[in-house]
Amino acid sequence: MKNNYDKIAGYYDQLSRLVFFKSQVNAQIHQLGYLPKTGRILIVGGGTGWILEEIAKVVPEGLHLVYVEISAKMMEISKERAVAGNIVDFVNLGVEDFSTDRPFDLICTPFLFDNFAEERAAMVFHHLDTMLRKGGLWFHTDFDLTVNMGKTDGRKHDNGTWWKTVFLVLMYRFFKLIANVEASKLINMKPYFDAAGYQVLEQKYYYRKFIQSVVLEKTDQKTWVKSAGR
Ligand SMILES: C[S@@+](CC[C@H](N)C(=O)[O-])C[C@H]1O[C@@H](n2cnc3c(N)ncnc32)[C@H](O)[C@@H]1O
């Protein structure tokens, strides 16, 4: 099975903190300021489910969360989380096989798309887009290689991104061995959000701009609003 985190589920969080300190966590926690007080939320690829406890700290009741996670081991750990008064439906499936006829108010994809080759990334993006209501929010968190790539004198310069490329190559090799991760390069999801009419409400960077955290709103406008922090 592709993208199977079962083998690493027991120590995934420790590994993440060891390598990225709390950058991956902070990038997701910051977005929680945009949580609605009530509503339906889809979380895809939430890993060990620590985000459920963080959500409960911000909004302790009134949310209906649907937690779609392909790894059975990750799901087992997630089910032990303290979710306060929120309702959580745990769905142990690949998101490709998940569907609903009730649209969501918010979709969270924390470090999900970096697992996918372009074809699956496109397919999953469009699938999720159909499940989000107009005006709904999307919390997208992932690695980013696009910042600092600038053209200053007509030629393309790599202003400090080389280490990120090397880092990613090593990560992909490791996760291919451990989790049979399908991807071998990072897909830039921005064109997908642009084309589908998403507008950036806030964009923040972590870990020397290797990690991006974006809050997007589904609108009819096909524009990409530049963030103040870039
Ligand atoms: C890189 S981990 C990130 C975990 C968590 N979001 C975090 O930041 O700690 C990716 C997670 O996505 C899950 N995943 C991968 N492909 C998936 C799919 N097609 N559908 C649902 N979950 C998936 C994996 O099982 C894994 O738990």
# chains A, B, ... in the order shown; residues from 1 in each chain; ligands from 1
$ closest_atom_pairs --of "chain A" --to "ligand 1" --cutoff "6 Å" --atoms "only C-alpha atoms and all ligand atoms" --output "CSV"
residue,atom,partner,partner_atom_place_in_ligand_line,distance
A:Asn3,CA,ligand 1,15 (C),5.1
A:Asn4,CA,ligand 1,25 (O),5.7
A:Tyr5,CA,ligand 1,25 (O),4.8
A:Val44,CA,ligand 1,21 (C),5.4
A:Gly45,CA,ligand 1,12 (O),3.3
A:Gly46,CA,ligand 1,6 (N),3.9
A:Gly47,CA,ligand 1,27 (O),3.4
A:Val68,CA,ligand 1,21 (C),5.5
A:Glu69,CA,ligand 1,22 (N),4.0
A:Ile70,CA,ligand 1,22 (N),4.2
A:Ser71,CA,ligand 1,25 (O),4.3
A:Met74,CA,ligand 1,27 (O),5.9
A:Gly94,CA,ligand 1,20 (N),3.4
A:Val95,CA,ligand 1,20 (N),4.0
A:Pro110,CA,ligand 1,6 (N),4.3
A:Phe111,CA,ligand 1,3 (C),4.8
A:Leu112,CA,ligand 1,12 (O),5.0
$ select_by_dssp --residues "chain A" --states "strand (DSSP E)" --output "JSON, numbers by chain"
{"A": [39, 40, 41, 42, 43, 44, 61, 62, 63, 64, 65, 66, 67, 68, 85, 86, 87, 88, 89, 90, 91, 104, 105, 106, 107, 108, 109, 110, 132, 133, 134, 135, 136, 137, 138, 139, 140, 141, 142, 143, 149, 150, 151, 156, 157, 158, 198, 199, 200, 201, 202, 203, 204, 205, 206, 211, 212, 213, 214, 215, 216, 217, 218]}
$ residues_around --residues "Lys190 in chain A" --least-positions-apart "5" --cutoff "12 Å" --atoms "only C-alpha atoms" --output "PyMOL selection string"
chain A and resi 113+121-122+125+140-142+144-146+195-200+203+212+214+216+222-226
$ write_last_selection --atoms "C-alpha atoms" --output "compact mmCIF listing (two decimals), in the first residue's frame"
# COMPACT_ATOMS: atom_id res chain seq x y z
CA PHE A 113 -0.22 16.72 -0.24
CA ALA A 121 -2.58 15.48 -5.60
CA ALA A 122 -4.79 16.91 -8.36
CA PHE A 125 -7.60 18.45 -4.36
CA HIS A 140 -3.32 24.02 4.15
CA THR A 141 0.02 23.28 5.81
CA ASP A 142 2.98 21.82 3.98
CA ASP A 144 7.31 24.98 0.45
CA LEU A 145 10.08 25.47 -2.06
CA THR A 146 8.78 28.55 -3.83
CA ALA A 195 -7.71 27.98 -10.35
CA ALA A 196 -10.47 26.85 -8.02
CA GLY A 197 -11.08 30.40 -6.75
CA TYR A 198 -9.51 30.30 -3.29
CA GLN A 199 -8.34 33.49 -1.63
CA VAL A 200 -5.60 33.60 0.97
CA GLN A 203 -0.09 32.89 5.07
CA GLN A 212 4.03 27.21 4.98
CA VAL A 214 -2.06 28.98 4.67
CA LEU A 216 -7.77 30.01 2.39
CA LYS A 222 -9.69 33.55 -9.29
CA THR A 223 -6.91 35.57 -7.63
CA TRP A 224 -4.07 34.85 -5.19
CA VAL A 225 -3.70 37.54 -2.52
CA LYS A 226 -0.10 38.13 -1.59
$ closest_residue --among "A:Arg173, A:Tyr34, A:Ser99, A:Val147" --to "Thr161 in chain A" --atoms "only C-alpha atoms"
A:Val147
$ atom_distance --atom1 "CA of Lys176 in chain A" --atom2 "CA of Met1 in chain A"
11.5 Å
$ closest_residue --among "A:His127, A:Ile43, A:Gln24, A:Gly49" --to "Phe143 in chain A" --atoms "only C-alpha atoms"
A:Gln24
$ residues_around --residues "Val88 in chain A" --least-positions-apart "2" --cutoff "7 Å" --atoms "only C-alpha atoms" --output "list of chain:residue names"
A:His64, A:Leu65, A:Val66, A:Tyr67, A:Asn86, A:Phe90
$ closest_residue --among "A:Met189, A:Ala117, A:Ile77, A:Leu106" --to "Tyr12 in chain A" --atoms "only C-alpha atoms"
A:Ile77
$ residues_around --residues "Trp138 in chain A" --least-positions-apart "2" --cutoff "8 Å" --atoms "only C-alpha atoms" --output "ChimeraX atom specification"
/A:106-109,136,140,215-218
$ closest_residue --among "A:Val166, A:Leu63, A:Ile29, A:Ala9" --to "Lys204 in chain A" --atoms "only C-alpha atoms"
A:Ile29
$ select_by_dssp --residues "range 2-178 of chain A" --states "alpha helix (DSSP H)" --output "PyMOL selection string"
chain A and resi 12-20+23-29+50-58+72-78+118-131+162-178
$ residues_around --residues "Phe116 in chain A" --least-positions-apart "6" --cutoff "8 Å" --atoms "only C-alpha atoms" --output "list of chain:residue names"
A:Val181, A:Glu182, A:Ala183, A:Ile187
$ write_last_selection --atoms "N, CA and C atoms" --output "tab-separated table (two decimals), in the first residue's frame"
chain	number	residue	atom	x	y	z
A	181	VAL	N	6.08	6.01	0.69
A	181	VAL	CA	5.49	7.27	0.20
A	181	VAL	C	5.67	7.35	-1.31
A	182	GLU	N	4.56	7.70	-1.95
A	182	GLU	CA	4.50	7.68	-3.42
A	182	GLU	C	5.31	8.81	-4.07
A	183	ALA	N	5.27	9.98	-3.43
A	183	ALA	CA	5.87	11.16	-4.06
A	183	ALA	C	7.39	11.10	-4.03
A	187	ILE	N	4.76	18.79	-4.78
A	187	ILE	CA	3.86	19.45	-5.74
A	187	ILE	C	3.45	20.81	-5.16
$ residues_around --residues "Lys185 in chain A" --least-positions-apart "3" --cutoff "10 Å" --atoms "only C-alpha atoms" --output "MDAnalysis selection string"
chainID A and resid 114:118 165 168:169 172 182 188
$ write_last_selection --atoms "C-alpha atoms" --output "PDB file, in the first residue's frame"
ATOM      1  CA  ASP A 114       3.531  16.182   0.177  1.00  0.00           C
ATOM      2  CA  ASN A 115       2.761  12.444   0.079  1.00  0.00           C
ATOM      3  CA  PHE A 116       1.238  12.506  -3.368  1.00  0.00           C
ATOM      4  CA  ALA A 117       2.497  12.358  -6.928  1.00  0.00           C
ATOM      5  CA  GLU A 118       0.949  15.074  -9.098  1.00  0.00           C
ATOM      6  CA  THR A 165      15.773  20.761  -1.873  1.00  0.00           C
ATOM      7  CA  LEU A 168      13.327  17.072   0.807  1.00  0.00           C
ATOM      8  CA  VAL A 169      15.285  14.547  -1.250  1.00  0.00           C
ATOM      9  CA  TYR A 172      11.482  11.435   0.483  1.00  0.00           C
ATOM     10  CA  GLU A 182       4.498   7.676  -3.418  1.00  0.00           C
ATOM     11  CA  ASN A 188       3.141  23.187  -5.547  1.00  0.00           C
TER      12      ASN A 188
END
$ atom_distance --atom1 "CA of Gln221 in chain A" --atom2 "CA of Asp194 in chain A"
8.7 Å
$ decode --residues "range 34-74 of chain A" --atoms "N, CA and C atoms" --output "compact mmCIF listing (two decimals), in the first residue's frame"
# COMPACT_ATOMS: atom_id res chain seq x y z
N TYR A 34 -8.79 30.57 13.34
CA TYR A 34 -9.83 30.73 12.32
C TYR A 34 -10.95 29.70 12.46
N LEU A 35 -10.87 28.88 13.51
CA LEU A 35 -11.92 27.85 13.68
C LEU A 35 -13.28 28.50 13.89
N PRO A 36 -14.32 27.94 13.28
CA PRO A 36 -15.66 28.44 13.60
C PRO A 36 -16.09 27.93 14.98
N LYS A 37 -17.09 28.53 15.55
CA LYS A 37 -17.59 28.11 16.88
C LYS A 37 -18.40 26.81 16.76
N THR A 38 -19.05 26.66 15.60
CA THR A 38 -19.81 25.44 15.33
C THR A 38 -19.52 25.07 13.87
N GLY A 39 -19.95 23.86 13.49
CA GLY A 39 -19.83 23.51 12.08
C GLY A 39 -19.17 22.17 11.85
N ARG A 40 -19.11 21.81 10.58
CA ARG A 40 -18.55 20.52 10.16
C ARG A 40 -17.14 20.71 9.62
N ILE A 41 -16.24 19.94 10.17
CA ILE A 41 -14.82 20.08 9.80
C ILE A 41 -14.27 18.74 9.34
N LEU A 42 -13.59 18.77 8.21
CA LEU A 42 -12.94 17.55 7.71
C LEU A 42 -11.43 17.67 7.92
N ILE A 43 -10.86 16.69 8.62
CA ILE A 43 -9.40 16.65 8.79
C ILE A 43 -8.89 15.44 8.03
N VAL A 44 -7.97 15.67 7.12
CA VAL A 44 -7.44 14.56 6.32
C VAL A 44 -5.95 14.37 6.60
N GLY A 45 -5.59 13.15 6.99
CA GLY A 45 -4.17 12.87 7.25
C GLY A 45 -3.70 13.54 8.54
N GLY A 46 -4.50 13.45 9.57
CA GLY A 46 -4.17 14.10 10.85
C GLY A 46 -3.12 13.36 11.67
N GLY A 47 -2.65 12.22 11.17
CA GLY A 47 -1.59 11.48 11.87
C GLY A 47 -2.07 10.94 13.20
N THR A 48 -1.32 11.23 14.27
CA THR A 48 -1.64 10.67 15.59
C THR A 48 -2.80 11.38 16.26
N GLY A 49 -3.32 12.41 15.65
CA GLY A 49 -4.52 13.06 16.17
C GLY A 49 -4.27 14.13 17.22
N TRP A 50 -3.00 14.54 17.40
CA TRP A 50 -2.73 15.58 18.42
C TRP A 50 -3.53 16.85 18.13
N ILE A 51 -3.82 17.08 16.85
CA ILE A 51 -4.56 18.29 16.47
C ILE A 51 -5.97 18.30 17.08
N LEU A 52 -6.53 17.11 17.33
CA LEU A 52 -7.87 17.03 17.93
C LEU A 52 -7.88 17.65 19.32
N GLU A 53 -6.79 17.41 20.08
CA GLU A 53 -6.70 17.97 21.43
C GLU A 53 -6.49 19.48 21.36
N GLU A 54 -5.72 19.91 20.38
CA GLU A 54 -5.49 21.36 20.23
C GLU A 54 -6.78 22.07 19.82
N ILE A 55 -7.55 21.43 18.97
CA ILE A 55 -8.85 22.01 18.55
C ILE A 55 -9.76 22.13 19.78
N ALA A 56 -9.76 21.08 20.60
CA ALA A 56 -10.63 21.08 21.80
C ALA A 56 -10.24 22.19 22.77
N LYS A 57 -8.95 22.56 22.79
CA LYS A 57 -8.52 23.66 23.68
C LYS A 57 -9.09 25.00 23.20
N VAL A 58 -9.25 25.13 21.88
CA VAL A 58 -9.72 26.42 21.31
C VAL A 58 -11.25 26.46 21.25
N VAL A 59 -11.84 25.37 20.77
CA VAL A 59 -13.31 25.26 20.70
C VAL A 59 -13.69 23.93 21.36
N PRO A 60 -14.05 23.95 22.64
CA PRO A 60 -14.26 22.70 23.37
C PRO A 60 -15.57 21.97 23.07
N GLU A 61 -16.49 22.66 22.41
CA GLU A 61 -17.73 21.95 22.03
C GLU A 61 -18.36 22.66 20.84
N GLY A 62 -19.26 21.93 20.17
CA GLY A 62 -20.01 22.54 19.07
C GLY A 62 -19.50 22.16 17.69
N LEU A 63 -18.35 21.48 17.64
CA LEU A 63 -17.81 21.09 16.33
C LEU A 63 -18.11 19.63 16.03
N HIS A 64 -18.40 19.38 14.77
CA HIS A 64 -18.53 18.00 14.29
C HIS A 64 -17.35 17.73 13.36
N LEU A 65 -16.42 16.94 13.87
CA LEU A 65 -15.19 16.69 13.11
C LEU A 65 -15.28 15.33 12.43
N VAL A 66 -14.87 15.30 11.17
CA VAL A 66 -14.74 14.01 10.47
C VAL A 66 -13.24 13.84 10.22
N TYR A 67 -12.71 12.76 10.76
CA TYR A 67 -11.26 12.55 10.78
C TYR A 67 -10.91 11.38 9.86
N VAL A 68 -10.42 11.71 8.67
CA VAL A 68 -10.14 10.68 7.67
C VAL A 68 -8.63 10.41 7.64
N GLU A 69 -8.25 9.20 7.97
CA GLU A 69 -6.83 8.85 8.09
C GLU A 69 -6.65 7.44 7.54
N ILE A 70 -5.69 7.30 6.62
CA ILE A 70 -5.53 6.01 5.94
C ILE A 70 -4.81 4.98 6.81
N SER A 71 -3.99 5.43 7.75
CA SER A 71 -3.19 4.49 8.55
C SER A 71 -3.99 3.99 9.75
N ALA A 72 -4.13 2.67 9.85
CA ALA A 72 -4.88 2.08 10.96
C ALA A 72 -4.20 2.37 12.30
N LYS A 73 -2.87 2.35 12.31
CA LYS A 73 -2.12 2.60 13.56
C LYS A 73 -2.27 4.06 13.99
N MET A 74 -2.17 4.97 13.03
CA MET A 74 -2.37 6.40 13.35
C MET A 74 -3.79 6.59 13.91
